[in-house]
Structure formats: structure tokens, C-alpha cells
2 protein chains.
Amino acid sequence: MNFISIDESAIYYEIGYSCDNGLLLSLGDERLFFTDGRYELEAREAIRDGEIIVTNGIYLEANRFLKGSSIRELIYDPKEWNIYAFNTLTDGLDVEFIPEVDLSHRRRVIKSPEEIELLKEASRRGREAFSKLAEEIDRVGIGESEFRLKYLTTSILSNHGDYNISFEPIVAINENSAKPHATPSNLTLKRGHLLLVDAGLKYERYCSDRTRTSYVGDNISFGLEQRFKSREMQRVYDTVLKAHDVAISNLRAGMSGRDVDRLARDVIESAGYGKYFVHSTGHGVGLDIHEMPYISPRADRVLEDGMVFTIEPGIYLPDRFGVRIEDMVALINGRATIL
Amino acid sequence: MNFISIDESAIYYEIGYSCDNGLLLSLGDERLFFTDGRYELEAREAIRDGEIIVTNGIYLEANRFLKGSSIRELIYDPKEWNIYAFNTLTDGLDVEFIPEVDLSHRRRVIKSPEEIELLKEASRRGREAFSKLAEEIDRVGIGESEFRLKYLTTSILSNHGDYNISFEPIVAINENSAKPHATPSNLTLKRGHLLLVDAGLKYERYCSDRTRTSYVGDNISFGLEQRFKSREMQRVYDTVLKAHDVAISNLRAGMSGRDVDRLARDVIESAGYGKYFVHSTGHGVGLDIHEMPYISPRADRVLEDGMVFTIEPGIYLPDRFGVRIEDMVALINGRATIL
């Protein structure tokens, strides 16, 4: 299969290197990596198996290369390519470009044992970071704004620069947590508040992803056991936790993403909060923070051993509060193992 | 002029709000902003002048809206749109989509006085951060790796979470600085080393951008005056500084980007380092870190009052060291003012 890609994770997966101006031509066993002079030294150090072509214009140079080649068909992902770059690439070529949406995500959907180990290690380090974060919030976070708490979260997740983070963390207090993708506000944390943290780090480029919702009492824990003063908060929390647990313990290889979404959604609907679970139950995780498989009401793909994804049900009561609990699982021997 | 956009900065410029899943239809004086439920509350708080349409599928919903409208022409930027999204948007429509590359960058190339004030303030805060950074590196940075120094740079540029950063900072020691876009390595900083830092912050969403190359002696300064022990380093540094100064003091409104690039390049070529100045002299800065105008050998656009851009000549001696000096300037009354 001959394909072309410009996505960083896609290219890294194939040749063990990528940068923000690179193009990969994968032609049978041959790999050509186009980049500019800024990355030449790094690329030569990192890429063992592939030819490196240094150029000021990666699209134009790939176009020139294809013009001089006998290639007549190339698969590409139409989500990767902006129209301008694609026009430059394809200009005047006698090559059929065959669209395949999520080409690289499809290639990566089943993780190798090595990849699962890397994801497990990413998740382990992410979990440790959450423990440290609880201590630090207890120590210096009370009275601080969401802006500062987000910064603290980034600092601790990255271990002060050792890791990249998987995504901008979400740190939300009380009513701001009712926004599933809240951006930080000036709300300040006080004891007695609800605190939602959604954060991850990258270990060897593989992402971790985890959400905990916590009652900030005399001390702070991101463990799954939480005791809220408000009876309704507790009821919502227990419902979300049950949805999380039920989905993880009952999901099996051979189910579709929709089936697993249903496991979680049924629990929340039965408790009367169905309309407040406004997103899907989960998503694949790997080199990207959002990969295949999808765990949603529209996901008919069958789940298989080697897939890694999140289970993250939530309930969001507008202007009041939200609860989400998220873990990463790997499908091994037909069942979910929490990473 | 009717246009459509999905770029965050482009949308923010038009309606004062944006998020990572938004689409703007600008139809005469009317503005429609499409987003999903996660952002509805924020969008309603922030957008005064425009209609908000909440949907699970922004492209499909815009397609539906256009089908029911009398619009027959829409301008779009082919760099903004991936092929997949554009196909969803345009499916079955009787609308002519007119490509205009860099549509929003063109709209934004002349900054208003208010924007120049914001960029000046961003730059001022960026400069202060560089001073603080020098102190902190002096205090705790000697013996630390580029990874840690990059983290320290991010921490101080963001003022521990108050600001977003404009881009991932470049922090490079000695031979790693020979890569114009170096990524951090395990090289550790010692007194006597050359240190290059390229970093910026965002103030009210406007970017700062600055590079300094410093001799790390008994103390550290990111001022323009530097004294290296190595005679060659000093010669390279002085050449780059002269190119920077000559370009800034001699550039005028009415020149092209190419003319200004030539001012800097001439100095470096005369000193015999022409082949080691491997990038262009500058780029516009605004809501994005790279905007119009370009200051490069291929840039024929004429520079006008109200434009804001960087002047950043550099010399890179492979495997040995690199020097770059960068400031932001605004073109005011026909001349460059350093921001």
C-alpha cells in the first residue's frame, strides 16, 4: 500500500521521527521523509530506516518527486490535508489520490504489546502526578484561581518539564465544572468546593488521560471514593462512578463502541440524568489524545483485543456543577484492564 | 463581502470569541457563530454581536443553513480547511466558494492603534520576563538540561500560569543552537556556554516574540551587549547584531519585505556568513505568531504604517553554534519602532 502523510503522529508511528514541517511518502518498503533545513540534523540522527529529502517546499518537492516516478495511486487522509497544500502537492500529476479518512488512526487502532506497555507507563506516571497534585493543592492551592490551579496541574503533570502534556488540562470548580470543556476562570478554590481535573502527560510520545472529581474537604484526594456534603452532588457522583464501573466491568471484546456507551448511559438514564450526559462515553488513546475506537451512541466498530480507550461518563447540571470520572483501559483477553 | 472561517484567531478577530470547535459565517453585517454544547455558555457570555448556533456538527449545520439561504458566493481560505471538512460543508450546495489564501491574515495585516498597544504591552511583558529569566537561570539554571531550562522559560514567560505562551520556546546551548529550531536536549548549561532563547507570551491573545543569544559568564544578561570568550563567537554575534540594527534603523514604509530582508542579509553576506543565514529576516506578529507581512527574499508586498513584524537575522555554524537576535517592530510614521 502506497500512502502519503503530513500528520506528526502518523509519521512518527511509521519512521520514529516527526516535526512540524514534514511529509512522508511510504512506497511499499521504501520511506521518503521530506523536511526543511531546520530539522535536517535531528532527522538524520533519529531516522534509521528511510531517506531524508531536505527542501524549502515539502509539497512542491513531493510533487516533483511524484512527477518523476512511476507511482499512479496514493492513499491519503482528507482530514490531514488543507486544500491549499493538497493543491500544491497534486498540481499537474498523473496520480490517483485515494481518500481514506483516519488512515493512520486505522493503522494504529490495535496497539502492539510494546505500545500498551508505553501507554501503561504513561498512565502510571499520570496517576502518580494526580497524587502529587492532590498534595500540592492541599498545601498551596486553597484560595488560588482556576488559572493558577491549571498552571499547577500542568507543572506537576509535566514534572516541571520532564514530560509534554497530552492536552491543556481542564481544572474547574463548582459551577464552572458544569461546562464539560471548561476554560479556566477567576473562581478561587475553597474548602467545601467540588473540583474537577482532567489531565494527562506524554511518556515517549504516548498519551495518558484521566479525570477525577473531588470534594475539597479537610484534605484532598483524587481517589474514586469521595464524600460530598451536598446530598445531590453525592447522588450525581455515585451515579457517574457506577456508570464508569459498570461499563468497565461489563465491556467485552466483540461489543461495539455503541454497546459500551449504552452500558454507561443506561446507568445514568436510570438515575434520571440522561439529558445531562452530553458527550460520548470514551475515545481511543495512543500517540494522539483522541484516536479510534470511539465509544459513542454512533460507534458501530467492534472492539478487539489490543485497543486502548477511555471510559469517561459525566453528568453536567448547567450553572450548578458537573462530575466526570475517566480512566484509560486496554482490551486484553477480551476484557478491560484499567491502565 | 461574505466569508466563512474556522480558524480560531480569524474568528476571534471578527467576534471577540473563539474556541476549538467553531465556524463563523460573516454575511454583510450579520455574523453567525456555530459551535457545540460544550462551548455554548462561554460563547453566550462573550459574544455580543452575533447569533450563536449550537450543534453537534458545525459543518453539516452550516451546510443546512446555506441550503436554506439565498447566498450564492462565499469567500474562504483554502489553508484553513481540510478536505474532509470542506466536502461536508459544500456537499450539494448551489454556492460558489471563492478561495482567498490567507484571507484573515490579509484582513489583519494593518494593526489598529488598539492592537499595536496590545502588541506593545505583550512585548513589554515579554521583555520583563526575559530579565526575570536571566536572574533565574543565574540562580538555579546552571547545571540544568535544556529540557529543564525550557520548562523554566515557559514558567517565567507565562508568569506561572497568568499568560499563555506564543509558542514552545526554543532554548539551546552551544552546538544545539546551530539548529535554528532546536528541540531541547540533555545538554546541560555551564558558565562559559552560549545560550540562545527564543520565546514569547500572549497578552489579551496578542503574541510577543523575542530572541536573545547570551554569553553565560559570571552572570547572565539578555541585553544586546554580549562579550564572548571565543573571538569567532564574538565576530558572529557582532555581525548578527549589526544586521539587526541596520535593518531596523534603515527600513522604511514603502520598501518591500524583500528590501528589508536585503538590508539584513547584506551585512551578513559582507561578513562572509551569507550561506549560514538559512531563514528569512522576519514575519508579521499579531493574534498569530506568524502573520503577514513576510520579510524574506521572496516577499514583494510593500510595507505600510500599522504593520507589526519581527527582525531576526541569524547565523548558524553546523555542529558548532548559532546566534539569532530578534525584536518586534511596528511601522509608525514610516519608520520602525521597537516594541
# chains A, B, ... in the order shown; residues from 1 in each chain; ligands from 1
>>> interface_residues(of="chain B", to="chain A", cutoff="8 Å", atoms="only C-alpha atoms", output="ChimeraX atom specification")
/B:37-39,41,78-85,101,147-148,150-152,160-162,179-182,278
>>> select_by_dssp(residues="stretch 7-94 of chain A", states="helix (DSSP H, G or I)", output="number ranges by chain")
A: 8-15, 37-46, 58-67, 83-90
>>> closest_residue(among="A:Tyr215, A:Tyr12, A:Phe321, A:Tyr203", to="A:Asp138", atoms="only C-alpha atoms")
A:Tyr215
>>> select_by_dssp(residues="stretch 85-272 of chain A", states="strand (DSSP E or B)", output="ChimeraX atom specification")
/A:96-99,145,164-165,170-173,188,194-199,201-203,206-207,210-215,252-253,255-256
>>> write_last_selection(atoms="N, CA and C atoms", output="mmCIF file, in the first residue's frame")
data_model
loop_
_atom_site.group_PDB
_atom_site.id
_atom_site.type_symbol
_atom_site.label_atom_id
_atom_site.label_comp_id
_atom_site.auth_asym_id
_atom_site.auth_seq_id
_atom_site.Cartn_x
_atom_site.Cartn_y
_atom_site.Cartn_z
ATOM 1 N N GLU A 96 -3.569 9.000 -9.124
ATOM 2 C CA GLU A 96 -4.880 8.993 -8.490
ATOM 3 C C GLU A 96 -4.711 9.046 -6.973
ATOM 4 N N PHE A 97 -5.268 10.074 -6.348
ATOM 5 C CA PHE A 97 -5.210 10.185 -4.886
ATOM 6 C C PHE A 97 -6.488 9.613 -4.297
ATOM 7 N N ILE A 98 -6.330 8.558 -3.497
ATOM 8 C CA ILE A 98 -7.485 7.826 -2.981
ATOM 9 C C ILE A 98 -7.709 8.219 -1.528
ATOM 10 N N PRO A 99 -8.830 8.876 -1.232
ATOM 11 C CA PRO A 99 -9.065 9.323 0.145
ATOM 12 C C PRO A 99 -9.361 8.156 1.079
ATOM 13 N N SER A 145 -6.904 30.767 42.068
ATOM 14 C CA SER A 145 -7.859 30.766 40.957
ATOM 15 C C SER A 145 -7.683 29.517 40.103
ATOM 16 N N ASN A 164 6.001 16.249 28.096
ATOM 17 C CA ASN A 164 4.964 17.075 27.491
ATOM 18 C C ASN A 164 3.630 16.652 28.088
ATOM 19 N N ILE A 165 2.672 17.550 28.053
ATOM 20 C CA ILE A 165 1.331 17.181 28.483
ATOM 21 C C ILE A 165 0.532 16.714 27.266
ATOM 22 N N ILE A 170 -7.986 20.497 32.078
ATOM 23 C CA ILE A 170 -9.219 21.163 32.493
ATOM 24 C C ILE A 170 -9.245 21.134 34.017
ATOM 25 N N VAL A 171 -9.349 22.300 34.616
ATOM 26 C CA VAL A 171 -9.424 22.414 36.068
ATOM 27 C C VAL A 171 -10.606 23.315 36.362
ATOM 28 N N ALA A 172 -11.673 22.777 36.966
ATOM 29 C CA ALA A 172 -12.908 23.545 37.106
ATOM 30 C C ALA A 172 -13.508 23.345 38.487
ATOM 31 N N ILE A 173 -13.980 24.438 39.040
ATOM 32 C CA ILE A 173 -14.542 24.474 40.389
ATOM 33 C C ILE A 173 -16.062 24.668 40.291
ATOM 34 N N THR A 188 -12.062 31.040 42.694
ATOM 35 C CA THR A 188 -10.981 30.545 43.550
ATOM 36 C C THR A 188 -11.463 29.357 44.379
ATOM 37 N N LEU A 194 -16.424 21.599 45.021
ATOM 38 C CA LEU A 194 -16.186 20.469 44.120
ATOM 39 C C LEU A 194 -15.108 20.897 43.121
ATOM 40 N N LEU A 195 -14.168 19.969 42.849
ATOM 41 C CA LEU A 195 -13.064 20.267 41.928
ATOM 42 C C LEU A 195 -12.933 19.146 40.909
ATOM 43 N N LEU A 196 -12.998 19.515 39.623
ATOM 44 C CA LEU A 196 -12.838 18.543 38.544
ATOM 45 C C LEU A 196 -11.509 18.804 37.839
ATOM 46 N N VAL A 197 -10.700 17.742 37.682
ATOM 47 C CA VAL A 197 -9.421 17.856 36.975
ATOM 48 C C VAL A 197 -9.347 16.773 35.900
ATOM 49 N N ASP A 198 -9.088 17.200 34.678
ATOM 50 C CA ASP A 198 -8.942 16.296 33.526
ATOM 51 C C ASP A 198 -7.577 16.604 32.928
ATOM 52 N N ALA A 199 -6.646 15.640 32.999
ATOM 53 C CA ALA A 199 -5.259 15.955 32.622
ATOM 54 C C ALA A 199 -4.503 14.694 32.240
ATOM 55 N N LEU A 201 -0.339 13.256 30.555
ATOM 56 C CA LEU A 201 1.034 13.556 30.145
ATOM 57 C C LEU A 201 1.431 12.606 29.028
ATOM 58 N N LYS A 202 2.542 12.940 28.372
ATOM 59 C CA LYS A 202 3.053 12.070 27.325
ATOM 60 C C LYS A 202 4.344 11.418 27.788
ATOM 61 N N TYR A 203 4.373 10.096 27.687
ATOM 62 C CA TYR A 203 5.579 9.350 28.002
ATOM 63 C C TYR A 203 6.042 8.686 26.711
ATOM 64 N N TYR A 206 3.526 8.759 23.993
ATOM 65 C CA TYR A 206 2.208 8.151 24.192
ATOM 66 C C TYR A 206 1.472 8.883 25.312
ATOM 67 N N CYS A 207 0.168 9.080 25.102
ATOM 68 C CA CYS A 207 -0.626 9.951 25.971
ATOM 69 C C CYS A 207 -1.257 9.213 27.145
ATOM 70 N N ARG A 210 -6.883 11.206 32.134
ATOM 71 C CA ARG A 210 -7.557 10.816 33.384
ATOM 72 C C ARG A 210 -8.369 11.998 33.893
ATOM 73 N N THR A 211 -9.563 11.714 34.409
ATOM 74 C CA THR A 211 -10.357 12.758 35.057
ATOM 75 C C THR A 211 -10.773 12.285 36.443
ATOM 76 N N ARG A 212 -10.649 13.190 37.402
ATOM 77 C CA ARG A 212 -11.174 12.921 38.724
ATOM 78 C C ARG A 212 -11.991 14.122 39.180
ATOM 79 N N THR A 213 -13.071 13.832 39.909
ATOM 80 C CA THR A 213 -13.857 14.886 40.525
ATOM 81 C C THR A 213 -13.765 14.670 42.027
ATOM 82 N N SER A 214 -13.459 15.743 42.729
ATOM 83 C CA SER A 214 -13.097 15.589 44.134
ATOM 84 C C SER A 214 -13.852 16.573 45.017
ATOM 85 N N TYR A 215 -14.192 16.123 46.216
ATOM 86 C CA TYR A 215 -14.710 17.028 47.230
ATOM 87 C C TYR A 215 -13.526 17.570 48.017
ATOM 88 N N ARG A 252 -16.801 -6.082 26.792
ATOM 89 C CA ARG A 252 -16.111 -7.269 26.288
ATOM 90 C C ARG A 252 -15.680 -7.043 24.837
ATOM 91 N N ALA A 253 -14.594 -7.665 24.462
ATOM 92 C CA ALA A 253 -14.250 -7.726 23.040
ATOM 93 C C ALA A 253 -15.439 -8.323 22.294
ATOM 94 N N MET A 255 -18.100 -6.528 21.510
ATOM 95 C CA MET A 255 -19.126 -5.480 21.576
ATOM 96 C C MET A 255 -18.714 -4.345 20.642
ATOM 97 N N SER A 256 -19.699 -3.532 20.262
ATOM 98 C CA SER A 256 -19.384 -2.317 19.511
ATOM 99 C C SER A 256 -19.164 -1.163 20.501
#
>>> residues_around(residues="stretch 130-133 of chain B", least_positions_apart="2", cutoff="8 Å", atoms="only C-alpha atoms", output="list of chain:residue names")
B:Gly126, B:Arg127, B:Glu128, B:Glu135, B:Glu136, B:Ile137, B:Leu152, B:Thr153, B:Ile156, B:Leu157, B:Ser221, B:Phe222
>>> write_last_selection(atoms="all heavy atoms", output="short mmCIF file (atom, residue, chain, number, x, y, z; two decimals), in the first residue's frame")
data_model
loop_
_atom_site.label_atom_id
_atom_site.label_comp_id
_atom_site.auth_asym_id
_atom_site.auth_seq_id
_atom_site.Cartn_x
_atom_site.Cartn_y
_atom_site.Cartn_z
N GLY B 126 6.90 40.52 27.73
CA GLY B 126 7.88 39.53 27.26
C GLY B 126 9.30 39.94 27.64
O GLY B 126 10.11 39.13 28.08
N ARG B 127 9.59 41.24 27.48
CA ARG B 127 10.94 41.74 27.80
C ARG B 127 11.22 41.59 29.30
O ARG B 127 12.28 41.15 29.72
CB ARG B 127 11.07 43.20 27.37
CG ARG B 127 12.45 43.79 27.60
CD ARG B 127 12.65 45.11 26.86
NE ARG B 127 11.49 45.97 27.00
CZ ARG B 127 10.71 46.38 25.99
NH1 ARG B 127 10.99 46.03 24.76
NH2 ARG B 127 9.67 47.15 26.22
N GLU B 128 10.24 41.96 30.11
CA GLU B 128 10.40 41.80 31.56
C GLU B 128 10.64 40.34 31.92
O GLU B 128 11.43 40.03 32.81
CB GLU B 128 9.16 42.30 32.29
CG GLU B 128 9.12 43.80 32.41
CD GLU B 128 7.93 44.28 33.23
OE1 GLU B 128 7.14 43.43 33.70
OE2 GLU B 128 7.79 45.51 33.39
N GLU B 135 17.82 36.25 35.57
CA GLU B 135 18.08 36.12 37.02
C GLU B 135 17.90 34.68 37.49
O GLU B 135 18.70 34.16 38.26
CB GLU B 135 17.10 36.99 37.82
CG GLU B 135 17.40 38.47 37.77
CD GLU B 135 16.25 39.28 38.41
OE1 GLU B 135 15.55 38.72 39.31
OE2 GLU B 135 16.04 40.43 37.99
N GLU B 136 16.82 34.07 37.00
CA GLU B 136 16.51 32.71 37.47
C GLU B 136 17.52 31.69 36.95
O GLU B 136 17.89 30.76 37.66
CB GLU B 136 15.09 32.31 37.02
CG GLU B 136 14.00 32.93 37.86
CD GLU B 136 14.13 32.59 39.34
OE1 GLU B 136 13.97 31.42 39.69
OE2 GLU B 136 14.42 33.51 40.12
N ILE B 137 17.98 31.89 35.69
CA ILE B 137 18.98 30.96 35.17
C ILE B 137 20.27 31.11 35.97
O ILE B 137 20.93 30.13 36.33
CB ILE B 137 19.22 31.20 33.66
CG1 ILE B 137 17.97 30.81 32.86
CG2 ILE B 137 20.42 30.37 33.17
CD1 ILE B 137 18.06 31.10 31.36
N LEU B 152 11.70 26.11 32.62
CA LEU B 152 11.88 27.35 33.39
C LEU B 152 11.45 28.54 32.54
O LEU B 152 10.75 29.46 33.03
CB LEU B 152 13.36 27.46 33.79
CG LEU B 152 13.75 28.62 34.71
CD1 LEU B 152 13.09 28.50 36.07
CD2 LEU B 152 15.28 28.69 34.87
N THR B 153 11.82 28.53 31.27
CA THR B 153 11.45 29.62 30.36
C THR B 153 9.93 29.71 30.22
O THR B 153 9.35 30.80 30.31
CB THR B 153 12.11 29.39 28.98
OG1 THR B 153 13.52 29.29 29.16
CG2 THR B 153 11.80 30.53 28.03
N ILE B 156 8.38 31.14 33.44
CA ILE B 156 8.57 32.56 33.68
C ILE B 156 7.85 33.39 32.62
O ILE B 156 7.24 34.40 32.92
CB ILE B 156 10.08 32.87 33.78
CG1 ILE B 156 10.56 32.28 35.12
CG2 ILE B 156 10.34 34.37 33.71
CD1 ILE B 156 12.03 32.32 35.33
N LEU B 157 7.89 32.93 31.37
CA LEU B 157 7.16 33.66 30.33
C LEU B 157 5.66 33.68 30.63
O LEU B 157 4.98 34.66 30.39
CB LEU B 157 7.42 33.03 28.95
CG LEU B 157 8.52 33.63 28.07
CD1 LEU B 157 8.09 34.96 27.46
CD2 LEU B 157 9.85 33.80 28.80
N SER B 221 22.96 37.98 31.22
CA SER B 221 22.07 39.06 30.81
C SER B 221 21.54 38.75 29.42
O SER B 221 22.24 38.18 28.59
CB SER B 221 22.83 40.39 30.80
OG SER B 221 22.31 41.23 29.80
N PHE B 222 20.28 39.14 29.18
CA PHE B 222 19.74 39.03 27.83
C PHE B 222 19.74 40.38 27.13
O PHE B 222 18.98 40.62 26.20
CB PHE B 222 18.35 38.39 27.84
CG PHE B 222 18.38 36.91 28.12
CD1 PHE B 222 17.70 36.37 29.20
CD2 PHE B 222 19.12 36.06 27.30
CE1 PHE B 222 17.73 35.01 29.45
CE2 PHE B 222 19.16 34.70 27.55
CZ PHE B 222 18.47 34.17 28.63
#
>>> closest_residue(among="A:Glu175, A:Asp20, A:Glu121, A:Glu45", to="A:Ile58", atoms="only C-alpha atoms")
A:Asp20
>>> residues_around(residues="A:Asp261", least_positions_apart="5", cutoff="9 Å", atoms="only C-alpha atoms", output="PDB file with N, CA, C and O atoms, in the first residue's frame")
ATOM      1  N   ALA A 247     -19.574   0.037  33.110  1.00  0.00           N
ATOM      2  CA  ALA A 247     -19.059  -0.054  31.742  1.00  0.00           C
ATOM      3  C   ALA A 247     -17.750  -0.830  31.714  1.00  0.00           C
ATOM      4  O   ALA A 247     -17.561  -1.725  30.882  1.00  0.00           O
ATOM      5  N   SER A 256     -19.699  -3.532  20.262  1.00  0.00           N
ATOM      6  CA  SER A 256     -19.384  -2.317  19.511  1.00  0.00           C
ATOM      7  C   SER A 256     -19.164  -1.163  20.501  1.00  0.00           C
ATOM      8  O   SER A 256     -19.520  -1.265  21.684  1.00  0.00           O
ATOM      9  N   ASP A 266     -27.014   3.758  30.225  1.00  0.00           N
ATOM     10  CA  ASP A 266     -28.168   3.159  30.910  1.00  0.00           C
ATOM     11  C   ASP A 266     -28.174   3.503  32.393  1.00  0.00           C
ATOM     12  O   ASP A 266     -29.217   3.817  32.963  1.00  0.00           O
ATOM     13  N   SER A 280     -19.925  11.683  24.517  1.00  0.00           N
ATOM     14  CA  SER A 280     -19.848  10.241  24.390  1.00  0.00           C
ATOM     15  C   SER A 280     -19.054   9.644  25.560  1.00  0.00           C
ATOM     16  O   SER A 280     -18.415  10.358  26.327  1.00  0.00           O
ATOM     17  N   THR A 281     -19.080   8.321  25.662  1.00  0.00           N
ATOM     18  CA  THR A 281     -18.512   7.657  26.833  1.00  0.00           C
ATOM     19  C   THR A 281     -16.998   7.550  26.776  1.00  0.00           C
ATOM     20  O   THR A 281     -16.342   7.499  27.821  1.00  0.00           O
ATOM     21  N   GLY A 282     -16.419   7.554  25.576  1.00  0.00           N
ATOM     22  CA  GLY A 282     -14.962   7.429  25.541  1.00  0.00           C
ATOM     23  C   GLY A 282     -14.392   7.533  24.147  1.00  0.00           C
ATOM     24  O   GLY A 282     -15.121   7.700  23.162  1.00  0.00           O
ATOM     25  N   ILE A 295     -16.245   5.434  21.554  1.00  0.00           N
ATOM     26  CA  ILE A 295     -17.230   4.769  22.415  1.00  0.00           C
ATOM     27  C   ILE A 295     -18.395   5.740  22.529  1.00  0.00           C
ATOM     28  O   ILE A 295     -18.456   6.567  23.448  1.00  0.00           O
ATOM     29  N   SER A 296     -19.288   5.686  21.558  1.00  0.00           N
ATOM     30  CA  SER A 296     -20.358   6.687  21.471  1.00  0.00           C
ATOM     31  C   SER A 296     -21.620   6.034  20.924  1.00  0.00           C
ATOM     32  O   SER A 296     -21.575   4.918  20.403  1.00  0.00           O
ATOM     33  N   PRO A 297     -22.745   6.751  21.017  1.00  0.00           N
ATOM     34  CA  PRO A 297     -24.009   6.171  20.533  1.00  0.00           C
ATOM     35  C   PRO A 297     -23.993   5.867  19.036  1.00  0.00           C
ATOM     36  O   PRO A 297     -24.842   5.138  18.544  1.00  0.00           O
ATOM     37  N   ALA A 299     -21.176   4.658  17.368  1.00  0.00           N
ATOM     38  CA  ALA A 299     -19.955   3.921  17.025  1.00  0.00           C
ATOM     39  C   ALA A 299     -20.259   2.446  16.820  1.00  0.00           C
ATOM     40  O   ALA A 299     -20.484   1.702  17.784  1.00  0.00           O
ATOM     41  N   ILE A 311     -12.872   5.427  29.362  1.00  0.00           N
ATOM     42  CA  ILE A 311     -14.272   5.344  29.791  1.00  0.00           C
ATOM     43  C   ILE A 311     -14.471   6.560  30.685  1.00  0.00           C
ATOM     44  O   ILE A 311     -13.831   6.668  31.741  1.00  0.00           O
ATOM     45  N   PRO A 313     -17.764   8.632  31.657  1.00  0.00           N
ATOM     46  CA  PRO A 313     -19.110   9.192  31.763  1.00  0.00           C
ATOM     47  C   PRO A 313     -19.104  10.481  32.594  1.00  0.00           C
ATOM     48  O   PRO A 313     -18.183  10.713  33.386  1.00  0.00           O
TER      49      PRO A 313
END
>>> closest_residue(among="B:Val240, B:Lys190, B:Arg124, B:Ile47", to="B:Met328", atoms="only C-alpha atoms")
B:Arg124
>>> residues_around(residues="A:Glu8", least_positions_apart="5", cutoff="10 Å", atoms="only C-alpha atoms", output="PyMOL selection string")
chain A and resi 13+17-24+80+287-288
>>> residues_around(residues="stretch 66-75 of chain B", least_positions_apart="5", cutoff="12 Å", atoms="only C-alpha atoms", output="number ranges by chain")
B: 1-5, 24-28, 32, 59-61, 80, 89-104
>>> write_last_selection(atoms="C-alpha atoms", output="compact mmCIF listing (two decimals), in the first residue's frame")
# COMPACT_ATOMS: atom_id res chain seq x y z
CA MET B 1 -18.08 40.62 1.45
CA ASN B 2 -19.45 37.28 2.64
CA PHE B 3 -16.94 34.82 4.04
CA ILE B 4 -16.66 31.69 6.12
CA SER B 5 -13.93 30.78 8.58
CA LEU B 24 -18.08 31.73 11.54
CA LEU B 25 -20.35 32.85 8.73
CA SER B 26 -19.91 36.54 8.08
CA LEU B 27 -22.72 37.79 5.84
CA GLY B 28 -22.58 41.52 5.37
CA LEU B 32 -23.40 33.56 12.74
CA TYR B 59 -20.05 21.72 9.06
CA LEU B 60 -23.30 19.88 8.50
CA GLU B 61 -25.29 22.60 10.24
CA GLU B 80 -7.95 26.78 6.85
CA LEU B 89 -19.59 21.89 4.25
CA THR B 90 -20.10 22.15 0.50
CA ASP B 91 -21.99 18.93 -0.20
CA GLY B 92 -24.93 19.54 -2.54
CA LEU B 93 -24.76 23.35 -2.27
CA ASP B 94 -25.51 25.80 -5.04
CA VAL B 95 -22.89 28.22 -3.67
CA GLU B 96 -19.67 29.30 -5.34
CA PHE B 97 -16.78 29.03 -2.87
CA ILE B 98 -14.08 31.53 -3.81
CA PRO B 99 -10.60 30.70 -2.47
CA GLU B 100 -8.56 33.51 -0.96
CA VAL B 101 -5.31 32.34 0.60
CA ASP B 102 -4.54 33.99 3.95
CA LEU B 103 -7.90 35.75 3.94
CA SER B 104 -7.82 36.61 7.64
>>> atom_distance(atom1="atom CA of A:Gly314", atom2="atom CA of A:Val260")
14.6 Å
>>> residues_around(residues="A:Ala336", least_positions_apart="6", cutoff="12 Å", atoms="only C-alpha atoms", output="tab-separated table (two decimals) with C-alpha atoms, in the first residue's frame")
chain	number	residue	atom	x	y	z
A	244	HIS	CA	-17.85	4.12	34.98
A	245	ASP	CA	-17.58	0.87	36.95
A	246	VAL	CA	-20.44	-0.91	35.17
A	247	ALA	CA	-19.06	-0.05	31.74
A	248	ILE	CA	-15.52	-1.17	32.60
A	249	SER	CA	-16.50	-4.43	34.26
A	250	ASN	CA	-19.08	-5.46	31.66
A	251	LEU	CA	-17.47	-4.44	28.42
A	252	ARG	CA	-16.11	-7.27	26.29
A	253	ALA	CA	-14.25	-7.73	23.04
A	255	MET	CA	-19.13	-5.48	21.58
A	260	VAL	CA	-20.26	0.06	25.63
A	303	LEU	CA	-13.92	-3.70	19.88
A	304	GLU	CA	-10.93	-6.03	19.76
A	305	ASP	CA	-8.03	-7.07	21.92
A	306	GLY	CA	-5.22	-4.53	21.81
A	307	MET	CA	-7.47	-1.49	21.69
A	308	VAL	CA	-6.87	1.24	24.29
A	309	PHE	CA	-9.56	3.78	25.10
A	310	THR	CA	-11.08	5.90	27.84
A	311	ILE	CA	-14.27	5.34	29.79
A	327	ASP	CA	-9.84	6.05	33.21
A	328	MET	CA	-7.93	4.50	30.35
A	329	VAL	CA	-8.45	0.81	29.68
A	330	ALA	CA	-6.79	-1.74	27.41
>>> closest_residue(among="A:Ala62, A:Glu14, A:Ile325, A:Val285", to="A:Asp49", atoms="only C-alpha atoms")
A:Glu14
>>> atom_distance(atom1="atom CA of A:Arg108", atom2="atom CA of A:Ala46")
20.9 Å
